[in-house]
Each structure stands twice: as structure tokens, then as C-alpha cells.
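J.: Sharing a structure, written as C-alpha cells. Questions coming.
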Amino acid sequence: MLNPGVESGAPRTSRRTVPVQQFLGLAGILGFLLTWELVPRAGIIEARFLPPASDVLGALLRASGLTAFWVSVGETMLAWFLGLLIAVIAAVVLGFLIGSSAFLAKATSSTVEFLRPIPSVALIPLAVLMFGVKIESSLMLIIYASFWQVFIQVLYGVADIDMVANNTAKSYGLGRMARIRYVVFPTALPYLMTGVRLAAAVALILAITAELIIGSPGLGREIALAQSGGAISGMYALVLATGLIGVLINVLMRFIERKALSWHSSVRSEVIV
Amino acid sequence: MPVRESSANEAQPMLSVRGLKKVYKTDGGEVEAVRNLTFDLRPGELACLVGPSGSGKTTLLKCISGLMAPTEGEVLLDGTRVVGPPKKMAVVFQEYGRSLFPWMRVRENVELPLKNQGMPKAERGRLVDEALEAVGLAHVPRSYPWQLSGGMQQRVAIARAVAYQPEVLLMDEPFAAVDAQTRADLEDLIRTVWKRLGVTVLFVTHDIDESVYLGERVIILSSSPTVIQEDITIDLPADRDQLNTRALPRFTELRHHVYEQIQLAKKGQRPAAAGTR
Amino acid sequence: MTWLKSLAYLVGLPLLLVLIWWGLTLGRPNFFFPAPGLLMETFGEVWFGERIITDVLPSLGRLFAGVAAAIAIGVMAGLLIGSVRWLRSLLEPTLEFFRAVPPPVLVPVLMLLMGINDSMKVAVIISGCIWPVLLNTIEGVRAVDGVLSDSARTYGVAGWARVRYLVLPSASPQIMAGVRQCLSIGLILMVISEMFASSSGLGFTIVQFQRSFAIPEMWSGIIVLGLIGVAMSFIFQWTERRVLRWYHGQKEVENAG
């Protein structure tokens, strides 16, 4: 006879638990929006500095009907995607190379530890100098920041490879390619996915930053223009849009991570040990 | 350590479980884990609780220790109703790795409940030293729990309970996750500590041999919804040791009887009325 | 001789890179990349002087204030929200949304709301840094081990004692991970707020150099930022190793088994 929760002493689960939590979450969002609506209307903060939620949401709705808005979104996404792609490829290649060789790992360690904490925003002046307001400026920042996220994770992943499994595979005559496929890759994949997920968030931040500060094409530039041009509701609407994009990217990345790892765990059962 | 003086009223049980009932509400409906449990423990008694898997042993322990509220019935500790974890009770859990604080050293772990009560440092130190001594861990006060073996970690948990000077000690299958040799040592340790402190012990286990070896009394639970299957007095000599006691014919008889009862319990056969033999 | 070997590994590649750099800039002066010698000279001129007091220290001060406030508020709010189940359910989606907003966009927003002054810059840092600390604390509080929590309850460890002896240490690995993210975001925001909306500070100084095409000076500024980043990382790792010594030890034992 089943005694749910007996062994772990878990609190009794009520039939309505999960929907209640989701309901509360929704209530929280609504409550926030309500507060945002009332604070400027009540004059706690001047409406010209913080327009009520309804104004901003209206502006967002209007913007979503304009081609120019979607062009900006596209520009930001293009920089994000390209930068992320280049960074991931470079990080995977260099990460595997360096991670698999003890000599290379030790030789590059001090350089990596020095370069890694350098904030990519430090490169802004250089980017402006070299590329001006073109997309390359954004790419420079994005690639630099995202690279490290993935690179470090790949290093962890390569380091985690079970030496016993690798040696066993070698002794069974598995060539380099086969070993990479059956031992190295399955072990490193979860780490890689974590790195890509982190890099995706970082890439968005740097894309917006470059657009905001340097003025390369994209949402960030529109925000700066809106602010200096006095289109305040529009500015907040664009800020909301970037937040929504951020949420979408998080959701997308987690989805991809889950898919990649479910495939990975079914492949893992084939690992020869 | 001096033997604890029993409470003034000799006739009043130390631990009293009355009509305990626990029903869980789950997505699949209501599940009656425990139907009706009623028993008393005399002060200074060492009673073992055995039952088939899923007989609500852990539920019962959680209700007695005040971690969970029963659906019906009550638990009385020295005459006072248990509504939350009572002060005079200490619990030793099965998962020793998860019941000790990994960020504290052994000594700090044992000391924590006393420190929390505001006991002055000198007295705390004395109790902690004595407790560690009693469980044989005087040499590792500065280690972290995760640096120790499973058996040693459980000793730390026992030391913590001992230093706390409880009147009732609850043990929830404490030796289930430990190897057989260590288990034998720990069983003897419990009997030694119990005799020295005069504490009332309720020992939950699924190991039949262990329950007969340790207890003055074995309470056998039925399968779920749980009631008491049978309540047996263990009339083995008070001085027990692993080698000789387990070889006694009486040990084998009792063990055999408990085993039978548990088999019946597993099949779902329940007693007409609980009784002592 | 092993210390010599370690030293070789430590400075080998950097030295090689500097040599290559020096070789490439020999002869033809490059507009974008000054020669190492010139750079070192400029570095000394630019930064070891008044500028430390007028720009560097105030910038660092704002960074420190912002990060400290973000950590304090984040941990305290996180402890509260994480412990009260309905509160967590209520707030979590909204907080996750705030975390997803790229911190730099808050610069124009806060500029609008607060004007251009020191408190605005500190507010920018707090507004970006608080989320990783807050959300990680909430997660850490939520994930306290059930058996450990029961043990603490049976021994009467409740209220503030419970937070101090159980919840906070248990959540500390998560919290430290949040603090690490907080530090890097803080540095980024400090620089951005000064590049975008300021007339003093490190970020502003570097941008000025770039605008007036004072290239070696600009590079020296980049290096200063890099050094600050490295120093912060160093301090964090040192602190983390000490605070989480028990955690690393436990992980090691678990992995070995």
C-alpha cells in the first residue's frame, strides 16, 4: 500500500497546490502593474518621469505595429545571434584544444585568469575607434564577453571526463574520432549547454550596451534616442521590450538545453565503459 | 554519568500515544497511513518499533516528535501534549549525512542545541566532552562530519542527542544505512548510553534481530492503515552482548515470533485486539 | 626547481604575447595599437597623479557602495521571500522578469528619475546587481535540506537562530554564486553609467580620451579597468574559498566516493 510522503516526511500535498502557485505568480505580476499604474497617477513620482503602466503598454502596442520597431529588434537579434555563434565556435574549439592538453592548460592559465575578468565594456572606446557605429562594434563586445562564458564551461567539461572510461575505450581500439563521440562529447555536453545558456544572456546584455553607448543599430540605440528626444513612454516601452526578449531568450535556452541533454542521456546509454 | 532520577509519579508513563491517526491528502485522493496507534512507554524503558515496509513507522515518528500534526489522536510527553517539537525530546535520523551541519565541525555540531538554549560555555563544554567520550569520538572534535565514516557520523548524531540530555530519545532506523559490523557496535553503544543516562528510548527499525536484541519490549506494527499488531515483552537478560545473547534459545524463539507476526502483517492479517505476551 | 617551472608557466605566454606586440609595433607606429614602451610611459603619466583622487577613487567608491548595498538588500530580502512560500510564489515571476531586463537599459531610466549625480550612479549599480543575489538567495533558502531542517526543529533551533545556523550557511554556496555575478555586473554598470551620463569618473575619462583620439591614454584606461576587474575577481575568489571551505571539502569527498 502506498504511503506517499511517509518516507521523506514531505508536507501533505493538496490537490490544488500547483494551480495556486501559478495563480499567485500571476497575481504578483498584476499587482506590480497596478502599482506601476497608480504611483504616477497619485503623483508619488511625476508622470513625466514615470508614465503610468497603461501609457507604456499602449506605446509598446503601437510600436509593435511599426516596421521600424521590428527592424530594431531584428538588428539587436542579428548582433546577438552572430556574436553568440562566433563566440561559441571559438570557445568550443579553443576549449577542447586547451582542455585536452595539460601543457597548454598550464601555459595559458595565467593569461586566461587575467583576461577573463576584464569587463568587455572596457573595449568600448576601442570598438568606437575601430568600427564606429557599425554592427562590428556590437560584435566585438558580444564575442569577447560570451567567449569566456562558454570557454570556461568547456574547460570544466573536458576536465570532468572519466579517465577510466577514456582509457577503456582506448584499449578497445577506439580511434580518436570514436572516443570523442562516445566519451568526450557526452561528458562535456552538459557543461557546454550551461555555458551557452549563460553566454546567451550575456550576449543580450552586451548587444544592448553597445547599442546604447556606442550607437550601433538596434533597440539600445532606440532607447537612447527616445530618452534624449523626450519620448518617455516610448523609452519605457522599449525597456519592457528588451525585458521580454530577455525572458524569451531564457526560455528558449532552457528549452534547447533540455532537448540537447535528453538526446544526450539517451546517447549516454551507448557509452562503452 | 549519574543515573537520571525518574519523574516523581512512577505510575505516569513518560511517553503516551493515544488513538493516533494520520490521513494524507494527495492528488489521488485521501490515504490513511495510520489508523489507530495507542501505547505507553514507562520512564527509562527501551522499546523497539518494528513493522513491514510502508507501515507508517516514519509517519508515527514524525507525529511523536512534533514535526507533523496527526489527523486525530494525541501524543503526551510526561503528561504534556505534544504540539511542536518538544524540548525534552531528541531525535536521531537515519540519514546521518543530512542531519549534521556540514559547515560545522563535530564539536560545534554536538554543541549547537545547547548553545541555542543559552547554556553557559563552561557547562556546555563539559557536556559535549562527556557525550563525545561516551560515543567514543573524543579524538575527532575538530573534524567536519563529511570527513568521517558513516558509523562515526551517526555517533556524532547520537552524541548530539546525548549532550542535549533529553528525557525521551527517538531513533528512526538509525543504523539502516550503516554496514553490519558498525551496526553491531552502534547497537551496543545505544544500550550502554541508555543504561548510563536512564533515558526513555523509542527505537524504530525494520531489522527484526536488532529489535529483539535491543529492546525490553517490541511493538509490532501492522501494514497500512497501521494499528498495533502485537506488543511483546522481551524477557532476555538485562546484560546483553552480540555473541552470547544472540545464541540464546530464547532469542531465537522471540525472533521467530516477531518474524511470524511481521509476515502475517505483510499479508494484511490484523489482530482482533492487541495484547502483550 | 619546480618553483621555476611554475614561474615559467605563469609568465611564459604573457611575455610571449608582449614580445609579439612589441615586434609588430616596431618601426611603423600603429594608430590603433601603441607600442608597449609608449603605453607604459603613458600609463604612469596618466594615472599616477591627481586622477586617482578625482576619478579613480570616487568611481571605486560608488562601485563598492552599490555592490555592498545590493548584496545586503538582496540577501535580506531573499531570506524573507525564500522562507515564506506564498510570498515567493507571488513575487518570483515578476522578479525573474526584472532579472531578464538587461541592466544597462536602466541607465537612461534612472537618469530620468534621479538626474545625473552620485546617487543615480549608485542606484544604477544596485538596480542591476541586486537580481542575481536576490534570486540566488531565494533559491538557496528554498533548497535547504529537509532532514537537516527537521533536525534543527527537533532541537528547538528556530527564528533568528535558525537563519543564522541553518538557512544562511546552507544557502551560502548559492548566494556566493549570485555575488560573483553581482560583482561583474556592478563593474559593467559603473563604467556604463559614467560613459553615458557623467562628467567625471573612470568611464568618463576613458571615453574622453577616445573622443580626443588620445590613443595611448585610452589604452591605459582600458588596462586600468582590466586591473580592477582582475583585482575584484581575486578578492572574490579568496573570500569564496574561505567562506565555502566546508562546501568545497564536502564536494571533494563526495566526488572521490
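In the C-alpha cells, the first chain shown is A, the next is B, and so on; residue numbers restart at 1 for each chain, and ligands run from 1 in the order shown.
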Skipping near chain neighbours, those fewer than 5 positions away, what residues fall within 9 Å of Pro34 of chain C using only C-alpha atoms, listed as a count of residues only?

T.: 6

J.: If we count only C-alpha atoms and set the cut-off at 10 Å, which residues sit around segment 47-60 of chain A, ignoring sequence neighbours fewer than 5 positions away in its own chain? Please answer as number ranges by chain.

T.: A: 32-42, 65, 69, 230-241; C: 109-114

J.: Given only C-alpha atoms, how would the per-residue table for segment 9-118 of chain C near segment 124-146 of chain A read, listing every residue at most 12 Å away with its closest atom pair and distance in Å to one decimal, sorted by chain and number, as JSON lines?

T.:
{"residue": "C:Phe31", "atom": "CA", "partner": "A:Leu129", "partner_atom": "CA", "distance": 9.9}
{"residue": "C:Phe32", "atom": "CA", "partner": "A:Met130", "partner_atom": "CA", "distance": 7.6}
{"residue": "C:Phe33", "atom": "CA", "partner": "A:Leu126", "partner_atom": "CA", "distance": 9.6}

J.: Could those residues be written to a file, using C-alpha atoms, as a PDB file, in the first residue's frame?

T.:
ATOM      1  CA  PHE C  31      47.302  54.305 -34.888  1.00  0.00           C
ATOM      2  CA  PHE C  32      45.175  51.857 -33.002  1.00  0.00           C
ATOM      3  CA  PHE C  33      47.801  49.957 -31.067  1.00  0.00           C
TER       4      PHE C  33
END

J.: Can you work out which residues from chain C touch chain A at a cut-off of 6 Å (counting only C-alpha atoms) and hand them back as a JSON list (two decimals) with C-alpha atoms, in the first residue's frame?

T.:
[["chain", "number", "residue", "atom", "x", "y", "z"],
["C", 9, "TYR", "CA", 54.13, 28.77, -16.85],
["C", 10, "LEU", "CA", 52.90, 31.91, -15.14],
["C", 89, "SER", "CA", 5.11, 32.30, -5.49],
["C", 90, "LEU", "CA", 3.68, 35.78, -5.62],
["C", 91, "LEU", "CA", 6.89, 37.59, -6.42],
["C", 93, "PRO", "CA", 7.69, 35.69, -11.89],
["C", 94, "THR", "CA", 7.90, 39.46, -11.50],
["C", 100, "ALA", "CA", 15.85, 39.44, -17.58],
["C", 101, "VAL", "CA", 15.93, 43.16, -18.33],
["C", 102, "PRO", "CA", 19.48, 43.94, -19.48],
["C", 104, "PRO", "CA", 22.32, 48.85, -19.00],
["C", 112, "LEU", "CA", 15.38, 60.44, -15.97],
["C", 113, "LEU", "CA", 14.14, 59.67, -12.49],
["C", 210, "GLN", "CA", 38.84, 58.18, -27.10],
["C", 222, "ILE", "CA", 41.37, 50.04, -20.65],
["C", 226, "GLY", "CA", 41.17, 45.33, -16.62],
["C", 229, "GLY", "CA", 38.36, 43.50, -12.86],
["C", 230, "VAL", "CA", 41.23, 41.19, -12.05]]

J.: For chain B, report every residue with an atom at most 10 Å from chain C (counting only C-alpha atoms), formatted as JSON, numbers by chain.

T.: {"B": [62, 65, 66, 67, 84, 85, 86, 87, 88, 89, 90, 91, 92, 93, 94, 95, 96, 97, 98, 99, 100, 101, 102, 103, 104, 105, 112, 113, 114, 115, 116, 117, 144, 145, 146, 147, 148, 157, 160, 161, 164, 166]}

J.: Can you write just those residues out, N, CA and C atoms, as a CSV table (one decimal), in the first residue's frame?

T.:
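Generated file (again.csv):
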chain,number,residue,atom,x,y,z
B,62,LYS,N,7.3,11.0,13.1
B,62,LYS,CA,7.2,12.4,12.9
B,62,LYS,C,6.1,13.0,13.8
B,65,SER,N,7.4,13.1,17.4
B,65,SER,CA,8.4,14.2,17.6
B,65,SER,C,7.9,15.6,17.4
B,66,GLY,N,6.6,15.7,17.0
B,66,GLY,CA,6.1,17.0,16.8
B,66,GLY,C,6.4,17.7,15.5
B,67,LEU,N,7.0,16.9,14.6
B,67,LEU,CA,7.3,17.5,13.3
B,67,LEU,C,6.1,17.6,12.4
B,84,GLY,N,4.4,20.7,19.0
B,84,GLY,CA,5.5,21.0,18.1
B,84,GLY,C,6.7,20.3,18.7
B,85,PRO,N,7.9,20.3,18.1
B,85,PRO,CA,9.0,19.6,18.7
B,85,PRO,C,9.2,19.9,20.2
B,86,PRO,N,9.0,18.9,21.1
B,86,PRO,CA,9.1,19.2,22.5
B,86,PRO,C,10.5,19.4,23.0
B,87,LYS,N,10.7,20.1,24.0
B,87,LYS,CA,12.0,20.4,24.5
B,87,LYS,C,12.8,19.2,25.0
B,88,LYS,N,12.0,18.3,25.7
B,88,LYS,CA,12.7,17.2,26.4
B,88,LYS,C,13.0,16.0,25.5
B,89,MET,N,12.8,16.2,24.2
B,89,MET,CA,12.9,15.1,23.3
B,89,MET,C,14.0,15.3,22.3
B,90,ALA,N,14.8,14.3,21.9
B,90,ALA,CA,15.8,14.4,20.9
B,90,ALA,C,15.6,13.3,19.9
B,91,VAL,N,15.9,13.5,18.6
B,91,VAL,CA,15.7,12.6,17.5
B,91,VAL,C,17.0,12.3,16.8
B,92,VAL,N,17.2,11.0,16.5
B,92,VAL,CA,18.4,10.6,15.7
B,92,VAL,C,17.8,10.0,14.4
B,93,PHE,N,18.1,10.7,13.3
B,93,PHE,CA,17.6,10.2,12.0
B,93,PHE,C,18.4,9.2,11.3
B,94,GLN,N,17.8,8.5,10.3
B,94,GLN,CA,18.5,7.5,9.6
B,94,GLN,C,19.6,8.2,8.7
B,95,GLU,N,19.3,9.3,8.0
B,95,GLU,CA,20.3,9.9,7.1
B,95,GLU,C,21.2,10.7,7.9
B,96,TYR,N,22.3,10.1,8.4
B,96,TYR,CA,23.2,10.9,9.2
B,96,TYR,C,23.9,12.0,8.4
B,97,GLY,N,24.1,11.7,7.1
B,97,GLY,CA,24.8,12.7,6.3
B,97,GLY,C,24.0,14.0,6.2
B,98,ARG,N,22.7,13.9,6.3
B,98,ARG,CA,21.9,15.0,6.1
B,98,ARG,C,21.4,15.6,7.5
B,99,SER,N,21.7,15.0,8.6
B,99,SER,CA,21.2,15.5,9.8
B,99,SER,C,22.2,16.3,10.6
B,100,LEU,N,23.5,16.2,10.1
B,100,LEU,CA,24.5,17.0,10.7
B,100,LEU,C,24.8,18.2,9.9
B,101,PHE,N,25.2,19.3,10.5
B,101,PHE,CA,25.5,20.5,9.7
B,101,PHE,C,26.9,20.4,9.1
B,102,PRO,N,27.0,20.4,7.8
B,102,PRO,CA,28.3,20.2,7.1
B,102,PRO,C,29.3,21.4,7.3
B,103,TRP,N,28.7,22.6,7.7
B,103,TRP,CA,29.6,23.7,7.8
B,103,TRP,C,30.1,23.9,9.2
B,104,MET,N,29.7,22.9,10.1
B,104,MET,CA,30.2,22.9,11.5
B,104,MET,C,31.1,21.7,11.7
B,105,ARG,N,32.1,21.9,12.6
B,105,ARG,CA,32.9,20.7,13.0
B,105,ARG,C,32.1,19.9,13.9
B,112,LEU,N,25.7,22.7,19.4
B,112,LEU,CA,24.7,23.6,18.9
B,112,LEU,C,23.4,23.7,19.7
B,113,PRO,N,22.7,22.5,19.9
B,113,PRO,CA,21.4,22.6,20.7
B,113,PRO,C,21.6,23.3,22.0
B,114,LEU,N,22.7,23.0,22.7
B,114,LEU,CA,23.0,23.6,24.0
B,114,LEU,C,23.2,25.1,23.9
B,115,LYS,N,24.0,25.4,22.9
B,115,LYS,CA,24.3,26.8,22.7
B,115,LYS,C,23.0,27.6,22.4
B,116,ASN,N,22.2,26.9,21.6
B,116,ASN,CA,20.9,27.6,21.3
B,116,ASN,C,20.0,27.8,22.5
B,117,GLN,N,20.2,27.0,23.5
B,117,GLN,CA,19.4,27.1,24.7
B,117,GLN,C,20.0,28.2,25.6
B,144,TYR,N,35.3,17.7,10.3
B,144,TYR,CA,34.0,18.0,9.7
B,144,TYR,C,33.3,16.7,9.6
B,145,PRO,N,31.9,16.7,9.7
B,145,PRO,CA,31.2,15.4,9.6
B,145,PRO,C,31.5,14.6,8.3
B,146,TRP,N,31.6,15.4,7.2
B,146,TRP,CA,31.8,14.7,5.9
B,146,TRP,C,33.2,14.1,5.8
B,147,GLN,N,34.1,14.4,6.8
B,147,GLN,CA,35.4,13.7,6.7
B,147,GLN,C,35.4,12.4,7.5
B,148,LEU,N,34.2,12.1,8.1
B,148,LEU,CA,34.2,10.8,8.9
B,148,LEU,C,33.4,9.8,8.1
B,157,ALA,N,25.8,12.1,15.7
B,157,ALA,CA,24.4,12.5,15.9
B,157,ALA,C,23.9,12.0,17.2
B,160,ARG,N,25.2,14.2,19.9
B,160,ARG,CA,24.5,15.4,20.0
B,160,ARG,C,23.2,15.2,20.8
B,161,ALA,N,22.5,14.1,20.6
B,161,ALA,CA,21.3,13.8,21.3
B,161,ALA,C,21.6,13.6,22.8
B,164,TYR,N,22.3,16.7,24.8
B,164,TYR,CA,21.1,17.5,25.0
B,164,TYR,C,20.4,17.1,26.2
B,166,PRO,N,18.1,14.7,26.9
B,166,PRO,CA,16.6,14.6,26.7
B,166,PRO,C,16.0,13.6,27.7

J.: Please return, as a PyMOL selection string, all residues of chain B lying within 7 Å of chain A when only C-alpha atoms are considered.

T.: chain B and resi 24-27+33+54+56+58-59+224

J.: Could you pull the residues within 9 Å of Leu41 of chain B, counting only C-alpha atoms, minus those fewer than 3 positions along the same chain, as JSON, numbers by chain?

T.: {"B": [13, 14, 15, 16, 17, 44, 45, 46, 47, 200, 201, 202]}

J.: Hey, can you spit out that residue selection with C-alpha atoms as a PDB file, in the first residue's frame?

T.:
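After the write, out.pdb holds the following:
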ATOM      1  CA  PRO B  13       4.078   6.962  31.520  1.00  0.00           C
ATOM      2  CA  MET B  14       6.868   9.082  30.046  1.00  0.00           C
ATOM      3  CA  LEU B  15       5.519   8.839  26.513  1.00  0.00           C
ATOM      4  CA  SER B  16       1.891   8.286  25.741  1.00  0.00           C
ATOM      5  CA  VAL B  17       0.436   7.766  22.282  1.00  0.00           C
ATOM      6  CA  GLY B  44      13.514   4.629  31.330  1.00  0.00           C
ATOM      7  CA  GLU B  45      12.110   1.968  29.034  1.00  0.00           C
ATOM      8  CA  LEU B  46      13.800   0.923  25.797  1.00  0.00           C
ATOM      9  CA  ALA B  47      11.095  -0.088  23.343  1.00  0.00           C
ATOM     10  CA  THR B 200      13.411   6.569  27.641  1.00  0.00           C
ATOM     11  CA  VAL B 201      14.131   5.264  24.142  1.00  0.00           C
ATOM     12  CA  LEU B 202      11.781   4.537  21.270  1.00  0.00           C
TER      13      LEU B 202
END

J.: Give the helix (DSSP H, G or I) residues of segment 14-174 of chain A, as assigned by DSSP on the backbone, as an NGL selection string.

T.: :A and (17-41 or 53-63 or 67-100 or 102-115 or 120-131 or 135-159 or 163-171)

J.: I want to know what sits within 9 Å of Asp207 of chain B, based on only C-alpha atoms, with residues of the same chain fewer than 6 positions away left out; could you give that as a VMD selection string?

T.: chain B and resid 50 to 51 173 176

J.: When you look at segment 227-238 of chain B with a cut-off of 10 Å (counting only C-alpha atoms), what residues show up, excluding the ones that are within fewer than 2 positions of it in the same chain? I need them as a ChimeraX atom specification.

T.: /B:19-21,33-39,47-51,55-56,191,195,211-225,240-241,245,248,250-251,254-255,257-258,261-262,264-265,269-277
